[in-house]
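model-v1.txt, holding compact mmCIF, C-alpha atoms:
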# COMPACT_ATOMS: atom_id res chain seq x y z
CA MET A 136 -134.82 -26.55 -65.39
CA GLN A 137 -132.23 -23.97 -66.10
CA SER A 138 -129.03 -24.80 -68.01
CA LEU A 139 -125.53 -25.15 -66.73
CA GLU A 140 -122.44 -25.14 -68.90
CA ASN A 141 -122.05 -28.29 -70.98
CA ASN A 142 -120.23 -31.24 -69.38
CA THR A 143 -120.66 -29.83 -65.88
CA VAL A 144 -124.21 -30.99 -65.11
CA LYS A 145 -123.39 -34.61 -64.32
CA SER A 146 -120.57 -33.65 -61.98
CA ALA A 147 -122.57 -30.84 -60.37
CA LEU A 148 -125.42 -33.26 -59.64
CA ASN A 149 -123.08 -36.16 -58.79
CA GLU A 150 -124.73 -38.37 -61.41
CA LYS A 151 -123.09 -41.78 -61.78
CA PRO A 152 -123.40 -44.55 -64.40
CA GLY A 153 -124.69 -48.10 -63.95
CA PHE A 154 -127.43 -48.84 -61.42
CA HIS A 155 -127.45 -45.18 -60.38
CA VAL A 156 -129.01 -44.30 -63.76
CA TRP A 157 -132.11 -46.42 -63.09
CA TRP A 158 -132.27 -45.31 -59.47
CA ARG A 159 -132.40 -41.67 -60.60
CA LEU A 160 -135.16 -42.54 -63.06
CA LEU A 161 -137.35 -43.59 -60.11
CA ARG A 162 -136.75 -40.17 -58.49
CA PRO A 163 -136.50 -41.81 -55.04
CA HIS A 164 -137.01 -38.55 -53.13
CA THR A 165 -140.60 -38.49 -54.45
CA LEU A 166 -141.44 -42.09 -53.45
CA THR A 167 -142.07 -41.00 -49.87
CA ALA A 168 -145.27 -39.44 -51.23
CA SER A 169 -146.56 -42.99 -51.74
CA PHE A 170 -145.07 -44.60 -48.61
CA VAL A 171 -146.40 -42.03 -46.11
CA PRO A 172 -150.14 -42.27 -46.99
CA VAL A 173 -150.15 -46.08 -47.05
CA PHE A 174 -148.35 -46.16 -43.70
CA ILE A 175 -150.74 -43.67 -42.09
CA GLY A 176 -153.87 -45.31 -43.52
CA THR A 177 -152.74 -48.69 -42.25
CA MET A 178 -151.83 -47.34 -38.79
CA LEU A 179 -155.33 -45.80 -38.55
CA ALA A 180 -156.78 -49.21 -39.44
CA ILE A 181 -154.69 -50.90 -36.72
CA LEU A 182 -155.88 -48.29 -34.24
CA ASP A 183 -159.44 -49.27 -35.18
CA GLY A 184 -158.60 -52.93 -34.60
CA SER A 185 -157.97 -54.24 -38.11
CA ILE A 186 -154.71 -55.32 -39.82
CA HIS A 187 -153.81 -57.64 -42.68
CA PHE A 188 -150.02 -57.44 -43.09
CA LEU A 189 -149.88 -58.82 -46.64
CA LEU A 190 -152.49 -56.29 -47.74
CA PHE A 191 -150.33 -53.54 -46.28
CA LEU A 192 -147.29 -54.75 -48.23
CA ALA A 193 -149.31 -55.12 -51.44
CA MET A 194 -150.73 -51.60 -51.06
CA LEU A 195 -147.29 -50.17 -50.33
CA VAL A 196 -145.59 -51.80 -53.33
CA ALA A 197 -148.50 -50.98 -55.68
CA ALA A 198 -148.51 -47.33 -54.60
CA MET A 199 -144.74 -47.01 -55.09
CA LEU A 200 -144.98 -48.68 -58.52
CA ILE A 201 -147.62 -46.16 -59.60
CA GLN A 202 -145.54 -43.26 -58.26
CA ALA A 203 -142.41 -44.53 -60.03
CA ALA A 204 -144.35 -45.04 -63.28
CA THR A 205 -145.68 -41.48 -63.03
CA ASN A 206 -142.10 -40.24 -62.68
CA MET A 207 -141.11 -42.21 -65.80
CA PHE A 208 -143.98 -40.78 -67.82
CA ASN A 209 -142.81 -37.36 -66.64
CA GLU A 210 -139.29 -38.08 -67.92
CA TYR A 211 -140.61 -39.41 -71.24
CA TYR A 212 -143.16 -36.71 -72.05
CA ASP A 213 -140.97 -33.80 -70.98
CA PHE A 214 -138.36 -35.11 -73.43
CA VAL A 215 -140.91 -35.65 -76.22
CA ARG A 216 -142.21 -32.09 -75.77
CA GLY A 217 -138.69 -30.71 -75.93
CA LEU A 218 -138.70 -29.46 -72.34
CA ASP A 219 -135.55 -31.34 -71.32
CA ASN A 220 -132.01 -31.30 -72.73
CA GLU A 221 -128.63 -32.59 -71.56
CA ASN A 222 -128.11 -29.51 -69.40
CA SER A 223 -131.49 -29.64 -67.64
CA VAL A 224 -131.46 -29.73 -63.85
CA GLY A 225 -134.18 -31.37 -61.76
CA ILE A 226 -134.79 -34.48 -63.87
CA GLY A 227 -133.55 -38.06 -63.79
CA GLY A 228 -131.55 -37.30 -66.93
CA THR A 229 -131.67 -40.92 -68.07
CA ILE A 230 -132.76 -39.99 -71.61
CA VAL A 231 -130.92 -36.74 -72.27
CA ARG A 232 -127.67 -37.47 -70.40
CA ASP A 233 -127.43 -41.26 -70.14
CA GLY A 234 -128.76 -42.17 -73.58
CA ILE A 235 -131.56 -44.51 -72.46
CA ALA A 236 -134.05 -44.93 -75.33
CA PRO A 237 -137.22 -42.90 -74.66
CA LYS A 238 -139.51 -45.78 -75.67
CA LYS A 239 -137.75 -48.01 -73.14
CA ILE A 240 -138.68 -45.55 -70.41
CA PHE A 241 -142.28 -45.42 -71.66
CA TRP A 242 -142.71 -49.19 -71.72
CA LEU A 243 -141.02 -49.58 -68.36
CA ALA A 244 -143.65 -47.20 -66.95
CA ILE A 245 -146.40 -49.30 -68.56
CA THR A 246 -144.84 -52.42 -67.02
CA PHE A 247 -144.88 -50.81 -63.58
CA PHE A 248 -148.57 -49.98 -64.06
CA LEU A 249 -149.32 -53.59 -65.02
CA LEU A 250 -147.46 -54.91 -61.98
CA ALA A 251 -149.48 -52.51 -59.80
CA MET A 252 -152.67 -53.87 -61.42
CA LEU A 253 -151.65 -57.45 -60.60
CA LEU A 254 -151.17 -56.47 -56.99
CA GLY A 255 -154.52 -54.70 -57.25
CA VAL A 256 -156.20 -57.99 -58.17
CA TYR A 257 -154.85 -59.57 -54.99
CA ILE A 258 -155.97 -56.54 -52.95
CA CYS A 259 -159.47 -56.73 -54.45
CA LEU A 260 -159.74 -60.46 -53.77
CA GLN A 261 -158.99 -59.74 -50.13
CA SER A 262 -161.26 -56.68 -49.88
CA ASN A 263 -163.62 -55.27 -52.54
CA TRP A 264 -163.53 -54.94 -56.33
CA TRP A 265 -164.40 -51.26 -56.09
CA VAL A 266 -160.78 -50.78 -55.04
CA MET A 267 -159.74 -51.71 -58.60
CA ALA A 268 -161.93 -48.97 -60.07
CA VAL A 269 -160.46 -46.38 -57.70
CA GLY A 270 -156.94 -47.68 -58.43
CA LEU A 271 -157.48 -47.37 -62.19
CA VAL A 272 -158.64 -43.77 -61.74
CA CYS A 273 -155.47 -43.06 -59.75
CA MET A 274 -153.32 -44.59 -62.50
CA LEU A 275 -155.18 -42.58 -65.15
CA PHE A 276 -154.42 -39.35 -63.32
CA GLY A 277 -150.83 -40.54 -62.82
CA TYR A 278 -150.55 -40.78 -66.61
CA LEU A 279 -152.43 -37.52 -67.30
CA TYR A 280 -150.18 -35.74 -64.83
CA THR A 281 -147.63 -35.26 -67.62
CA GLY A 282 -149.19 -37.26 -70.49
CA GLY A 283 -152.09 -36.41 -72.76
CA PRO A 284 -152.77 -33.15 -74.62
CA TYR A 285 -153.21 -31.05 -71.45
CA PRO A 286 -150.76 -32.25 -68.76
CA ILE A 287 -152.03 -31.53 -65.25
CA ALA A 288 -148.47 -30.72 -64.13
CA SER A 289 -148.46 -27.72 -66.47
CA THR A 290 -151.52 -26.14 -64.81
CA PRO A 291 -152.21 -24.48 -61.43
CA LEU A 292 -154.09 -27.67 -60.44
CA GLY A 293 -150.99 -29.85 -60.17
CA GLU A 294 -150.49 -29.43 -56.42
CA ILE A 295 -154.18 -29.99 -55.65
CA VAL A 296 -154.46 -33.10 -57.81
CA SER A 297 -151.26 -34.69 -56.50
CA GLY A 298 -152.19 -33.89 -52.89
CA PHE A 299 -155.69 -35.31 -53.27
CA PHE A 300 -154.79 -38.54 -55.06
CA MET A 301 -151.50 -39.29 -53.30
CA GLY A 302 -152.76 -38.04 -49.93
CA THR A 303 -156.47 -38.36 -49.18
CA MET A 304 -157.24 -41.04 -51.78
CA LEU A 305 -154.27 -43.25 -50.93
CA ILE A 306 -154.86 -42.99 -47.18
CA GLY A 307 -158.52 -43.80 -47.83
CA ILE A 308 -157.78 -46.86 -49.96
CA SER A 309 -155.17 -48.14 -47.48
CA TYR A 310 -157.66 -47.73 -44.63
CA PHE A 311 -160.60 -49.19 -46.57
CA VAL A 312 -158.88 -52.42 -47.66
CA GLN A 313 -158.13 -53.14 -44.00
CA THR A 314 -161.47 -52.11 -42.44
CA MET A 315 -163.96 -52.16 -45.37
CA THR A 316 -165.19 -48.72 -44.31
CA ILE A 317 -164.35 -45.02 -44.56
CA THR A 318 -164.65 -42.67 -41.57
CA THR A 319 -164.87 -38.91 -41.24
CA ASP A 320 -161.86 -38.89 -38.89
CA MET A 321 -159.76 -40.70 -41.49
CA ILE A 322 -160.65 -38.11 -44.14
CA VAL A 323 -159.91 -35.24 -41.76
CA ILE A 324 -156.54 -36.70 -40.72
CA SER A 325 -155.57 -37.03 -44.40
CA ILE A 326 -155.83 -33.26 -44.99
CA PRO A 327 -152.44 -32.11 -43.58
CA VAL A 328 -150.78 -35.11 -45.25
CA ALA A 329 -152.34 -34.16 -48.60
CA ILE A 330 -151.16 -30.57 -48.16
CA LEU A 331 -147.56 -31.65 -47.52
CA ILE A 332 -147.59 -33.98 -50.53
CA GLY A 333 -148.85 -31.13 -52.71
CA MET A 334 -145.96 -29.04 -51.38
CA ILE A 335 -143.46 -31.51 -52.87
CA LEU A 336 -144.75 -30.54 -56.30
CA LEU A 337 -144.82 -26.85 -55.41
CA SER A 338 -141.14 -27.04 -54.39
CA ASN A 339 -140.32 -28.70 -57.71
CA ASN A 340 -142.19 -25.96 -59.56
CA ILE A 341 -140.39 -23.22 -57.61
CA ARG A 342 -137.10 -24.78 -58.63
CA ASP A 343 -138.17 -25.06 -62.29
CA LEU A 344 -139.99 -21.73 -62.43
CA GLU A 345 -137.94 -19.95 -65.11
CA ASN A 346 -137.68 -22.90 -67.47
CA ASP A 347 -141.38 -23.75 -67.06
CA LYS A 348 -142.28 -20.15 -67.85
CA GLU A 349 -140.23 -20.29 -71.05
CA ASN A 350 -142.07 -23.45 -72.09
CA GLY A 351 -145.53 -22.00 -71.61
CA ARG A 352 -146.52 -23.73 -68.39
CA LYS A 353 -148.94 -22.05 -65.97
CA THR A 354 -148.04 -23.52 -62.58
CA ILE A 355 -148.89 -21.84 -59.28
CA ALA A 356 -145.22 -20.92 -58.88
CA ILE A 357 -145.26 -19.09 -62.22
CA LEU A 358 -148.53 -17.29 -61.51
CA LEU A 359 -147.32 -16.12 -58.08
CA GLY A 360 -143.62 -15.59 -58.78
CA GLN A 361 -140.86 -17.12 -56.68
CA GLU A 362 -141.14 -14.91 -53.59
CA LYS A 363 -144.91 -15.36 -53.19
CA ALA A 364 -144.67 -19.07 -54.07
CA VAL A 365 -142.15 -19.59 -51.25
CA THR A 366 -144.51 -17.68 -48.94
CA LEU A 367 -147.31 -20.03 -50.02
CA LEU A 368 -145.04 -23.00 -49.26
CA ALA A 369 -144.35 -21.64 -45.77
CA THR A 370 -148.06 -20.93 -45.21
CA CYS A 371 -149.05 -24.47 -46.20
CA PHE A 372 -146.44 -25.91 -43.82
CA LEU A 373 -147.90 -23.76 -41.04
CA VAL A 374 -151.49 -24.77 -41.89
CA SER A 375 -150.53 -28.46 -41.74
CA TYR A 376 -149.01 -28.04 -38.28
CA VAL A 377 -151.90 -25.93 -36.97
CA LEU A 378 -154.40 -28.53 -38.24
CA THR A 379 -152.42 -31.25 -36.50
CA ILE A 380 -152.60 -29.36 -33.19
CA VAL A 381 -156.34 -28.68 -33.67
CA PHE A 382 -157.03 -32.36 -34.43
CA ILE A 383 -155.16 -33.36 -31.26
CA GLY A 384 -157.21 -30.87 -29.26
CA LEU A 385 -160.44 -32.27 -30.72
CA GLY A 386 -159.38 -35.83 -29.93
CA ILE A 387 -159.21 -36.83 -33.61
CA LEU A 388 -155.48 -37.48 -33.24
CA PRO A 389 -153.80 -38.81 -30.06
CA ILE A 390 -151.61 -36.58 -27.90
CA TRP A 391 -148.62 -38.57 -29.17
CA SER A 392 -149.10 -36.94 -32.58
CA LEU A 393 -147.36 -33.87 -31.21
CA ILE A 394 -144.12 -35.62 -32.22
CA ALA A 395 -145.06 -34.94 -35.87
CA LEU A 396 -144.34 -31.26 -35.18
CA LEU A 397 -140.64 -32.17 -34.93
CA SER A 398 -140.66 -32.15 -38.75
CA SER A 399 -140.99 -28.36 -38.59
CA LYS A 400 -137.18 -28.17 -38.49
CA LYS A 401 -137.08 -29.66 -41.99
CA ALA A 402 -139.83 -27.27 -43.09
CA LYS A 403 -137.72 -24.31 -42.00
CA GLN A 404 -134.75 -25.76 -43.92
CA ALA A 405 -136.98 -25.97 -46.99
CA ILE A 406 -137.98 -22.31 -46.79
CA ASP A 407 -134.39 -21.22 -46.13
CA GLY A 408 -133.33 -23.39 -49.07
CA PHE A 409 -135.44 -21.26 -51.44
CA ARG A 410 -135.19 -17.76 -50.02
CA GLY A 411 -132.84 -15.63 -52.12
CA LYS A 412 -131.79 -18.53 -54.37
CA LYS A 413 -131.60 -17.88 -58.11
CA THR A 414 -130.37 -20.97 -59.98
CA ASN A 415 -131.93 -24.43 -60.08
CA VAL A 416 -128.89 -26.02 -58.46
CA GLU A 417 -129.09 -23.54 -55.57
CA LYS A 418 -132.76 -24.42 -55.06
CA ILE A 419 -132.25 -28.19 -54.93
CA PRO A 420 -131.64 -28.25 -51.12
CA GLY A 421 -134.99 -26.51 -50.62
CA MET A 422 -136.74 -29.09 -52.80
CA VAL A 423 -135.06 -32.00 -50.99
CA ALA A 424 -135.91 -30.52 -47.56
CA THR A 425 -139.57 -30.22 -48.63
CA ALA A 426 -139.71 -33.93 -49.51
CA LYS A 427 -138.01 -34.76 -46.20
CA THR A 428 -140.58 -32.65 -44.33
CA ASN A 429 -143.31 -34.85 -45.79
CA THR A 430 -141.39 -38.01 -44.94
CA VAL A 431 -140.57 -37.05 -41.35
CA TYR A 432 -144.06 -35.69 -40.66
CA GLY A 433 -145.75 -38.78 -42.11
CA ALA A 434 -143.44 -41.26 -40.39
CA LEU A 435 -143.85 -39.54 -37.00
CA LEU A 436 -147.63 -39.20 -37.41
CA GLY A 437 -147.91 -42.90 -38.25
CA LEU A 438 -145.63 -43.75 -35.33
CA SER A 439 -147.82 -41.69 -32.98
CA LEU A 440 -150.82 -43.80 -34.00
CA LEU A 441 -148.83 -46.95 -33.32
CA ILE A 442 -147.84 -45.64 -29.88
CA GLN A 443 -151.51 -44.94 -29.14
CA ILE A 444 -152.25 -48.61 -29.77
CA PHE A 445 -149.82 -49.74 -27.07
CA ILE A 446 -150.14 -46.73 -24.74
CA PRO A 447 -153.70 -45.43 -25.07
CA PHE A 448 -154.08 -41.85 -23.91
CA SER A 449 -156.88 -39.35 -24.40
CA LEU A 450 -157.30 -35.73 -23.34
Represent the structure of the file as structure tokens.
Amino acid sequence: MQSLENNTVKSALNEKPGFHVWWRLLRPHTLTASFVPVFIGTMLAILDGSIHFLLFLAMLVAAMLIQAATNMFNEYYDFVRGLDNENSVGIGGTIVRDGIAPKKIFWLAITFFLLAMLLGVYICLQSNWWVMAVGLVCMLFGYLYTGGPYPIASTPLGEIVSGFFMGTMLIGISYFVQTMTITTDMIVISIPVAILIGMILLSNNIRDLENDKENGRKTIAILLGQEKAVTLLATCFLVSYVLTIVFIGLGILPIWSLIALLSSKKAKQAIDGFRGKKTNVEKIPGMVATAKTNTVYGALLGLSLLIQIFIPFSL
């Protein structure tokens, strides 16, 4: 999170006071990482003949609360560890630029976790109490992502952990609470989604590479360097699309899922947004395009499953 000249950061990032402060704290561009898996898991359940609409809404809100709380812990602990200052780019900036008390951010995150747990009680009453145990593990890793003595976000495992928990695990839970089962096809379909969610973190780490290096972090982006990290990003995009095509060919996904490949335009924008860019501000479009790739891919993949329900078609 490189520095800009004082008093220019807020204007450069178009940061506004009032409600906008709290909106930035949620880091809305990351919330798609919780919406997409719940949507896809539920669409797979509908395709298999099972749907409970209130459970879908409860899962969606709980997942977004956990994601938002994780973002708040990130804001809090990065400040406590001295990683953020008023000139840092790539953060909500609510503590260092807007003067929100750090402890208020911390307890707001705890509140979001508690609200997610209350929704979890309802979900368990409608499905199985094992869901609560899995949900608590997800929340624990959400906290340990930036909290605790060894934050996961500071290691090369960040992308893998976020992709697994926010991708495969969340799709699995969303599918299970609707159907009370887990299938091999569901797990397989979650793989490209998990990869794209992990790429959201990789794009953040590419943007923050220099500052993270100065603060002793060992992310994949730091270990590879920017050029190779961007190549890894492009490779993971390609792998996700190739897997999608393979799954369609094997009959795991319907032919309609080809529409998910339309998100490749956003993927190209993400790569172009990083190539040759030096400063954090210059890299922001690449980071945003990466998040949009995940959103568009996930929305179109879920839509393709919905289309298959009304217009069944098999190769």
Using all atoms listed in the file, which residues of stretch 258-356 of chain A come within 9 Å of stretch 384-406 of chain A, and what is the closest atom pair for each, with the distance in Å to one decimal? Give it as a tab-separated table, sorted by chain and residue number.
residue	atom	partner	partner_atom	distance
A:Asp320	CA	A:Ile387	CA	6.3
A:Met321	CA	A:Ile387	CA	8.8
A:Val323	CA	A:Ile387	CA	8.3
A:Ile324	CA	A:Leu388	CA	7.6
A:Ser338	CA	A:Ala405	CA	8.6
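You can rank A:Ile383, A:Ser309, A:Val256, A:Lys238 by their closest distance to A:Phe448 using all atoms listed in the file, and at the top of that list sits A:Ile383.
Distances to A:Ala193 were evaluated for A:Gln313, A:Asn350, A:Ser297, A:Leu275 using only C-alpha atoms, and the minimum falls at A:Gln313.
Straight-line separation from atom CA of A:Val266 to atom CA of A:Asp183: 20.0 Å.
Minimum atom-to-atom distance to A:Phe174, evaluated using all atoms listed in the file, belongs to A:Met199 out of A:Met199, A:Val156, A:Ile357, A:Met334.
Considering only C-alpha atoms, the residue among A:Thr379, A:Gln261, A:Thr354, A:Ser325 positioned nearest to A:Glu294 is A:Thr354.
Proximity of A:Leu182, A:Ile287, A:Ala204, A:Tyr280 to A:Ile446, computed with all atoms listed in the file, is greatest for A:Leu182.
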Exercise. Could you give me, as a list in words, the residues that sit within 12 Å of (-159.1, -28.7, -43.3) in the file's coordinates, counting all atoms listed in the file?
Key: Thr303, Thr319, Asp320, Ile322, Val323, Ile324, Ser325, Ile326, Pro327, Val328, Ala329, Ile330, Cys371, Val374, Ser375, Tyr376, Val377, Leu378, Thr379, Val381 and Phe382 of chain A
Please produce an output containing C-alpha atoms for each residue in the selection, written as an mmCIF file, keeping the file's coordinate frame.
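Here's the written file again-v8.cif:
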data_model
loop_
_atom_site.group_PDB
_atom_site.id
_atom_site.type_symbol
_atom_site.label_atom_id
_atom_site.label_comp_id
_atom_site.auth_asym_id
_atom_site.auth_seq_id
_atom_site.Cartn_x
_atom_site.Cartn_y
_atom_site.Cartn_z
ATOM 1 C CA THR A 303 -156.470 -38.360 -49.180
ATOM 2 C CA THR A 319 -164.870 -38.910 -41.240
ATOM 3 C CA ASP A 320 -161.860 -38.890 -38.890
ATOM 4 C CA ILE A 322 -160.650 -38.110 -44.140
ATOM 5 C CA VAL A 323 -159.910 -35.240 -41.760
ATOM 6 C CA ILE A 324 -156.540 -36.700 -40.720
ATOM 7 C CA SER A 325 -155.570 -37.030 -44.400
ATOM 8 C CA ILE A 326 -155.830 -33.260 -44.990
ATOM 9 C CA PRO A 327 -152.440 -32.110 -43.580
ATOM 10 C CA VAL A 328 -150.780 -35.110 -45.250
ATOM 11 C CA ALA A 329 -152.340 -34.160 -48.600
ATOM 12 C CA ILE A 330 -151.160 -30.570 -48.160
ATOM 13 C CA CYS A 371 -149.050 -24.470 -46.200
ATOM 14 C CA VAL A 374 -151.490 -24.770 -41.890
ATOM 15 C CA SER A 375 -150.530 -28.460 -41.740
ATOM 16 C CA TYR A 376 -149.010 -28.040 -38.280
ATOM 17 C CA VAL A 377 -151.900 -25.930 -36.970
ATOM 18 C CA LEU A 378 -154.400 -28.530 -38.240
ATOM 19 C CA THR A 379 -152.420 -31.250 -36.500
ATOM 20 C CA VAL A 381 -156.340 -28.680 -33.670
ATOM 21 C CA PHE A 382 -157.030 -32.360 -34.430
#
Exercise. Give me the residues within 6 Å of A:Gly302 as a VMD selection string, counting all atoms listed in the file and dropping any in the same chain fewer than 2 places off.
Key: chain A and resid 172 298 to 300 304 to 305 328 to 329
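The spacing separating atom CA of A:Lys353 from atom CA of A:Asn415 amounts to 18.2 Å.
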For stretch 374-393 of chain A, I'd like the enclosing box, axis-aligned and padded by 8 Å on every side, reported as AutoDock Vina command-line options with centre and edge lengths in Å to one decimal.
--center_x -153.9 --center_y -31.8 --center_z -34.9 --size_x 29.1 --size_y 30.0 --size_z 30.0
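Across the structure, atom CA of A:Glu349 and atom CA of A:Glu417 are spaced 19.3 Å apart.
When all atoms listed in the file are used to compute distances to A:Leu331, the closest of the residues A:Val173, A:Met315, A:Met274, A:Ile295 turns out to be A:Ile295.
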Self-check item: Distance query A:Phe409 at most 7 Å, all atoms listed in the file, self and fewer than 5 positions along chain excluded, as a PyMOL selection string
Solution: chain A and resi 365+418+421
Quiz item: Skipping near chain neighbours, those fewer than 5 positions away, what residues fall within 8 Å of A:Ala197 using all atoms listed in the file, listed as a ChimeraX atom specification?
Solution: /A:250-252,254-255
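For A:Gly282, the residues within 12 Å (counting only C-alpha atoms, excluding itself and residues fewer than 6 positions away along the chain) are Ala204, Thr205, Asn206, Met207, Phe208, Asn209, Glu210, Tyr211, Tyr212, Asp213, Phe214, Val215, Arg216, Phe241, Ala244, Met274, Leu275, Phe276, Ala288 and Ser289 of chain A.
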